[in-house]
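Worksheet: the structure to be examined is printed underneath.
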Amino acid sequence: MIDFQLSDSVQTMQKMVHAVAEQAMRPIAREYDEREHEKPWDFLNMMWQVSNGNPIGGGTERRKDAPSERNLGMCVSIEELSWGDAGLYLSIPNSGLGGAAVAAAGTPEQKERFLSRFSGGKPKWAAMAITEPACGSDSSAIQTTAVRDGDHWVINGTKIFCTSGLMAAEKSEGFVVVWATVDRSAGRAGIKAFVVDSGTPGMYVTKVENKLGIRASDTATLVFEDCRVPLDNILGSPEVPKTSEGFKGVMATFDATRPIVAASAIGVGRAALDFVRETLKEHGVEIRYGLPAHKLTALERDFMEMEVQLQAARLLTWRAAWMMDQGMRNNLEASMAKAKAGLVVTHITQKAVELLGPLGYSRQLLLEKWMRDAKINDIFEGTQQINQLIVARRILGYSSKELS
Amino acid sequence: MVNFKPTDEQQLIRETMAGFAREVLRPAAREADEKNEVPEAVVQRGWELGLVQSGIPESLGGYGDARSAVSGALILEELAYGDLALALHLLTPRLLTLPLLMIGTEAQQKRWLPRFAGAEFVAGTAAFAEPRWDFDPTALATRAERKGGDWVLTGQKCLVPLAADAEAILVYATAPDGLAAFVVERGAAGLTVGERERNMGIKALATYPVTLDGVRLPADARLGGESANLQPLIDASRVAVAALAVGVGHAAFDYARDYAKERRAFGMAIAQKQAIAFKLADMAIEIDAMRLLVWEAAWKIDSGETATREAVLVKQYASQSALSIADNAVQVLGGHGYIREHPVELWLRNARGFTTFDGVAIV
């Protein structure tokens, strides 16, 4: 039965996470935006202890008699954290994207070996390294190579835009999942993912980017020079199949992560919208619903448009997450949610800056920051255009060859 | 707990409506638009779906089905997918019966509902919109004034579907205590149904201007009695309009997508060009977005909560989206979209209407 009521357990978690966002993130949001490349260690240590290394909101145990709410719960929590601060949310120590890849493609032994460390001890990060200087959206064109040499893989290449790459590769006992080709002539089929433990000789962080927004989160360049990893650090089979099924499997990781990125975007959008609403309210301006166009102010129309666009994005996101929880394939719906949320939140935050005039533009408030933070959601984890492409292929029934 | 799956029963109703829309409404749509009329056979077959009778209690001759805004939204989307004008004709009696069911007094229900539970289509309707540029659904210019124990209605209405044949018209007016509605029987003194209107779209649906020149009504003609709150009606109506908009958008999208896969240019299907493919992708995203917003607002209504804000927002969103999707569908077909051999121009004209109808309009 169609229902939009969050369960009690998800609501309880939502309240808890909101308290963290309000009390631990908002107060330091501006500081770690201005002090790019410095880490809010008190906050990071606290989050490590609270979450015990689990992705926030994902720790809900599945009861046997109850349907899973894991992905939906995660989206709800991440919206709250990103409402607090998107950059800080991205910097929270956990198994993150790298862990998602291990969870999706690893053997039980690999999961134990790589994921068990995300509990207790010091904060740890796991990152994912896909993008290269000469290839971004076209991730099948990567140049980084992995060559077998005895009982090791030898990795060579350069990876950029690696979220939490610095923390995962050098500043904690985490790991980086690196995408590399074992057979360039095989195209997509030759692309495999490798787990590289932090501190492995031959893996270097050569640069940490200066960015428009999400400055509390590091974005690293990783260079691999004859970096040797054990044979059994490859995720999935080392065989190069005749088809590109294996590559599709790796790409399926995005079906899980795109709703999460969408949820994060929505959190930033909601922060801006809440701020505009409260500011207007303080000054006696209430939004009037139900009046004809000729009686509404431009501000009211803009605000309502922002509100409904954000809700549309949220519902698409919830649906994509709900489908995962139901064990349904959500490739199309995940991309729909990501495409919509990235775009909508980019627009909402820009409009919010516009609506509040000098207050919007001032660095003494957070609106301008949210606008800068929001934009990343239209870019990472598949740009707006890549997600449109995926949606288009699915609705048209086209392969990547038929529609490129 | 969040769930995006309709019940099995809803799914069944949805499929029935979808079948009817594809087999009966769609094939009749173009001719109905050209001739400005709804074929008798469509009316009768549509009546047999029970759209009007189903909500009427068994004691009054209906099927006594529980009312659900979510089920309603699912039904309306499917019907509008077939053809908006034909769907609206079939749904028009509900403009009278639904308010009676939701808000009407027992005496009002007993008096009016049984005649809408028979074997054949009976017209009933409502008059909300007014022919003025500054029409305001929150401040109707039509007045209801007390004269002794009676009500006297004065004002002008437009876009009143099937007014010429209606057994009764539910007339909305501003009473001293706010928005009110009155059941005005056919032939009441001072009630004039004007000449059929000519509109840009939904042409097959006969709509009329209605003049109320001191129409005198007994006190019990006021819907729901004194001080009845009509906001739930307006909320439900806005969600219904939005659901219809989803159907029109969906129809336009499906047609444009199929066309784009067939039509070739520069050695390939035009759908293989990103300029077209991305447009189609955006259309698909918007259809799902508006549908989910409709479901959420309908769910809120079914939960018994006030959904005024949601209804306003979804109505605005869906009517704009449907228009934009229909416009894009015409664009995907290019010159072919502009000629009347293809239905997309019809859907563009029909979709334009959604931004015009507000308040308790059309549904």
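Residues are referred to by chain and number: the chain letter is A, B, ... according to the order shown in the structure tokens, the number counts from 1 in that chain, and ligands are numbered separately from 1 in the order shown.
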Can you build me a table of chain A residues sitting at most 7 Å from chain B, with the closest atom pair per residue and its distance in Å to one decimal, using only C-alpha atoms, sorted by chain and residue number, as a tab-separated table?
residue	atom	partner	partner_atom	distance
A:Met1	CA	B:Thr7	CA	4.8
A:Ile2	CA	B:Phe4	CA	5.0
A:Asp3	CA	B:Asn3	CA	4.9
A:Phe4	CA	B:Val2	CA	4.7
A:Gln5	CA	B:Met1	CA	5.2
A:Leu6	CA	B:Met1	CA	5.0
A:Ser7	CA	B:Met1	CA	4.5
A:Tyr289	CA	B:Arg309	CA	6.0
A:Gly290	CA	B:Val312	CA	5.7
A:Leu291	CA	B:Thr138	CA	6.5
A:Pro292	CA	B:Asp136	CA	5.6
A:His294	CA	B:Asp134	CA	6.8
A:Met304	CA	B:Leu313	CA	6.8
A:Val308	CA	B:Leu313	CA	6.0
A:Ala312	CA	B:Ala289	CA	5.2
A:Leu315	CA	B:Leu292	CA	6.4
A:Leu316	CA	B:Ala289	CA	6.3
A:Arg319	CA	B:Phe4	CA	6.7
A:Met336	CA	B:Ile285	CA	5.8
A:Gln388	CA	B:Phe278	CA	5.8
A:Leu389	CA	B:Phe278	CA	6.6
A:Val391	CA	B:Ala281	CA	5.5
A:Ala392	CA	B:Ala281	CA	4.8
A:Glu402	CA	B:Gln272	CA	6.5
A:Leu403	CA	B:Gln272	CA	5.1
Selection near Ala329 of chain B, 9 Å with only C-alpha atoms, sequence-local residues under 5 positions removed, as number ranges by chain: B: 252-257, 280, 283, 324, 334, 337, 344-345, 348
Applying 10 Å and only C-alpha atoms, which residues near Gly360 of chain A remain after dropping the ones on its own chain fewer than 6 positions away? List them as a PyMOL selection string. chain A and resi 272+276+349-354+366-371
Can I get the selection written as an mmCIF file, in the first residue's frame, with C-alpha atoms?
data_model
loop_
_atom_site.group_PDB
_atom_site.id
_atom_site.type_symbol
_atom_site.label_atom_id
_atom_site.label_comp_id
_atom_site.auth_asym_id
_atom_site.auth_seq_id
_atom_site.Cartn_x
_atom_site.Cartn_y
_atom_site.Cartn_z
ATOM 1 C CA ALA A 272 18.904 26.735 2.318
ATOM 2 C CA VAL A 276 14.990 31.396 3.765
ATOM 3 C CA THR A 349 20.625 27.168 -3.368
ATOM 4 C CA GLN A 350 21.398 29.710 -6.087
ATOM 5 C CA LYS A 351 17.856 31.049 -5.848
ATOM 6 C CA ALA A 352 18.125 31.236 -2.058
ATOM 7 C CA VAL A 353 21.240 33.403 -2.361
ATOM 8 C CA GLU A 354 19.350 35.629 -4.781
ATOM 9 C CA LEU A 366 25.965 30.015 5.387
ATOM 10 C CA LEU A 367 23.780 30.496 2.308
ATOM 11 C CA GLU A 368 26.640 31.273 -0.065
ATOM 12 C CA LYS A 369 28.473 28.243 1.295
ATOM 13 C CA TRP A 370 25.506 25.976 0.701
ATOM 14 C CA MET A 371 25.354 27.226 -2.869
#
Segment 87-313 of chain B: residues DSSP assigns to alpha helix (DSSP H), reported as a PyMOL selection string: chain B and resi 87-91+94-103+106-112+231-262+274-302+308-313
Written file, previous selection with C-alpha atoms, as an mmCIF file, in the first residue's frame:
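Written file, part00.cif:
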data_model
loop_
_atom_site.group_PDB
_atom_site.id
_atom_site.type_symbol
_atom_site.label_atom_id
_atom_site.label_comp_id
_atom_site.auth_asym_id
_atom_site.auth_seq_id
_atom_site.Cartn_x
_atom_site.Cartn_y
_atom_site.Cartn_z
ATOM 1 C CA ALA B 87 -12.161 11.314 -19.422
ATOM 2 C CA LEU B 88 -13.448 14.634 -18.128
ATOM 3 C CA HIS B 89 -16.851 14.063 -19.697
ATOM 4 C CA LEU B 90 -17.123 10.723 -17.882
ATOM 5 C CA LEU B 91 -15.927 12.258 -14.621
ATOM 6 C CA ARG B 94 -18.452 13.538 -9.832
ATOM 7 C CA LEU B 95 -18.183 17.333 -9.577
ATOM 8 C CA LEU B 96 -21.545 17.059 -7.894
ATOM 9 C CA THR B 97 -21.503 13.593 -6.357
ATOM 10 C CA LEU B 98 -18.087 13.741 -4.662
ATOM 11 C CA PRO B 99 -18.804 16.976 -2.758
ATOM 12 C CA LEU B 100 -22.156 15.517 -1.726
ATOM 13 C CA LEU B 101 -20.400 12.385 -0.490
ATOM 14 C CA MET B 102 -17.635 14.288 1.277
ATOM 15 C CA ILE B 103 -19.550 17.165 2.805
ATOM 16 C CA GLU B 106 -27.743 13.222 4.849
ATOM 17 C CA ALA B 107 -30.838 14.863 3.373
ATOM 18 C CA GLN B 108 -28.793 16.254 0.457
ATOM 19 C CA GLN B 109 -27.216 12.883 -0.223
ATOM 20 C CA LYS B 110 -30.598 11.158 -0.159
ATOM 21 C CA ARG B 111 -32.118 13.702 -2.449
ATOM 22 C CA TRP B 112 -29.437 13.814 -5.135
ATOM 23 C CA GLN B 231 -11.227 23.370 1.811
ATOM 24 C CA PRO B 232 -10.989 19.545 1.695
ATOM 25 C CA LEU B 233 -12.916 19.644 -1.596
ATOM 26 C CA ILE B 234 -10.531 22.142 -3.102
ATOM 27 C CA ASP B 235 -7.525 20.170 -1.887
ATOM 28 C CA ALA B 236 -8.864 16.919 -3.321
ATOM 29 C CA SER B 237 -9.725 18.614 -6.589
ATOM 30 C CA ARG B 238 -6.254 20.052 -7.014
ATOM 31 C CA VAL B 239 -4.683 16.653 -6.445
ATOM 32 C CA ALA B 240 -7.110 15.183 -8.966
ATOM 33 C CA VAL B 241 -6.179 17.785 -11.578
ATOM 34 C CA ALA B 242 -2.527 16.974 -10.947
ATOM 35 C CA ALA B 243 -3.215 13.253 -11.423
ATOM 36 C CA LEU B 244 -4.829 13.980 -14.784
ATOM 37 C CA ALA B 245 -1.806 16.058 -15.732
ATOM 38 C CA VAL B 246 0.440 13.066 -15.067
ATOM 39 C CA GLY B 247 -1.660 11.030 -17.495
ATOM 40 C CA VAL B 248 -1.406 13.623 -20.263
ATOM 41 C CA GLY B 249 2.327 13.993 -19.716
ATOM 42 C CA HIS B 250 2.787 10.239 -19.777
ATOM 43 C CA ALA B 251 0.841 9.922 -23.027
ATOM 44 C CA ALA B 252 2.908 12.633 -24.690
ATOM 45 C CA PHE B 253 6.156 11.103 -23.483
ATOM 46 C CA ASP B 254 5.315 7.589 -24.698
ATOM 47 C CA TYR B 255 4.370 8.874 -28.116
ATOM 48 C CA ALA B 256 7.465 11.037 -28.496
ATOM 49 C CA ARG B 257 9.742 8.212 -27.321
ATOM 50 C CA ASP B 258 8.273 5.724 -29.803
ATOM 51 C CA TYR B 259 8.456 8.269 -32.597
ATOM 52 C CA ALA B 260 12.071 9.137 -31.807
ATOM 53 C CA LYS B 261 13.064 5.483 -32.045
ATOM 54 C CA GLU B 262 11.394 5.139 -35.452
ATOM 55 C CA GLN B 274 21.700 13.195 -27.180
ATOM 56 C CA ALA B 275 19.709 16.323 -27.992
ATOM 57 C CA ILE B 276 16.617 14.135 -28.267
ATOM 58 C CA ALA B 277 17.582 11.388 -25.838
ATOM 59 C CA PHE B 278 18.298 13.820 -22.987
ATOM 60 C CA LYS B 279 15.017 15.617 -23.588
ATOM 61 C CA LEU B 280 13.227 12.285 -23.320
ATOM 62 C CA ALA B 281 15.186 11.404 -20.178
ATOM 63 C CA ASP B 282 14.140 14.674 -18.543
ATOM 64 C CA MET B 283 10.524 14.060 -19.554
ATOM 65 C CA ALA B 284 10.629 10.592 -17.965
ATOM 66 C CA ILE B 285 12.120 11.963 -14.746
ATOM 67 C CA GLU B 286 9.458 14.666 -14.547
ATOM 68 C CA ILE B 287 6.617 12.198 -15.052
ATOM 69 C CA ASP B 288 7.846 10.078 -12.161
ATOM 70 C CA ALA B 289 8.451 13.172 -10.035
ATOM 71 C CA MET B 290 4.950 14.507 -10.564
ATOM 72 C CA ARG B 291 3.369 11.109 -10.050
ATOM 73 C CA LEU B 292 5.134 10.639 -6.721
ATOM 74 C CA LEU B 293 4.089 14.115 -5.589
ATOM 75 C CA VAL B 294 0.495 13.293 -6.517
ATOM 76 C CA TRP B 295 0.641 10.039 -4.588
ATOM 77 C CA GLU B 296 2.074 11.757 -1.558
ATOM 78 C CA ALA B 297 -0.592 14.477 -1.499
ATOM 79 C CA ALA B 298 -3.333 11.880 -2.044
ATOM 80 C CA TRP B 299 -1.890 9.709 0.707
ATOM 81 C CA LYS B 300 -1.973 12.690 3.033
ATOM 82 C CA ILE B 301 -5.619 13.298 2.225
ATOM 83 C CA ASP B 302 -6.403 9.630 2.859
ATOM 84 C CA THR B 308 -3.778 22.268 1.382
ATOM 85 C CA ARG B 309 -0.119 23.114 0.944
ATOM 86 C CA GLU B 310 0.710 19.824 -0.779
ATOM 87 C CA ALA B 311 -2.320 20.141 -3.044
ATOM 88 C CA VAL B 312 -1.422 23.662 -4.118
ATOM 89 C CA LEU B 313 2.180 22.701 -4.783
#
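Surrounding segment 157-172 of chain B within 7 Å are B:Thr92, B:Leu96, B:Ala123, B:Gly124, B:Thr125, B:Ala126, B:Ala127, B:Phe128, B:Ala129, B:Glu130, B:Pro131, B:Ala180, B:Ala181, B:Phe182, B:Val183, B:Val184, B:Glu185, B:Arg186, B:Val193, B:Leu205, B:Ala206, B:Thr207, B:Tyr208, B:Pro209, B:Val210, B:Thr211, with only C-alpha atoms counted and residues fewer than 4 positions along the same chain left out.
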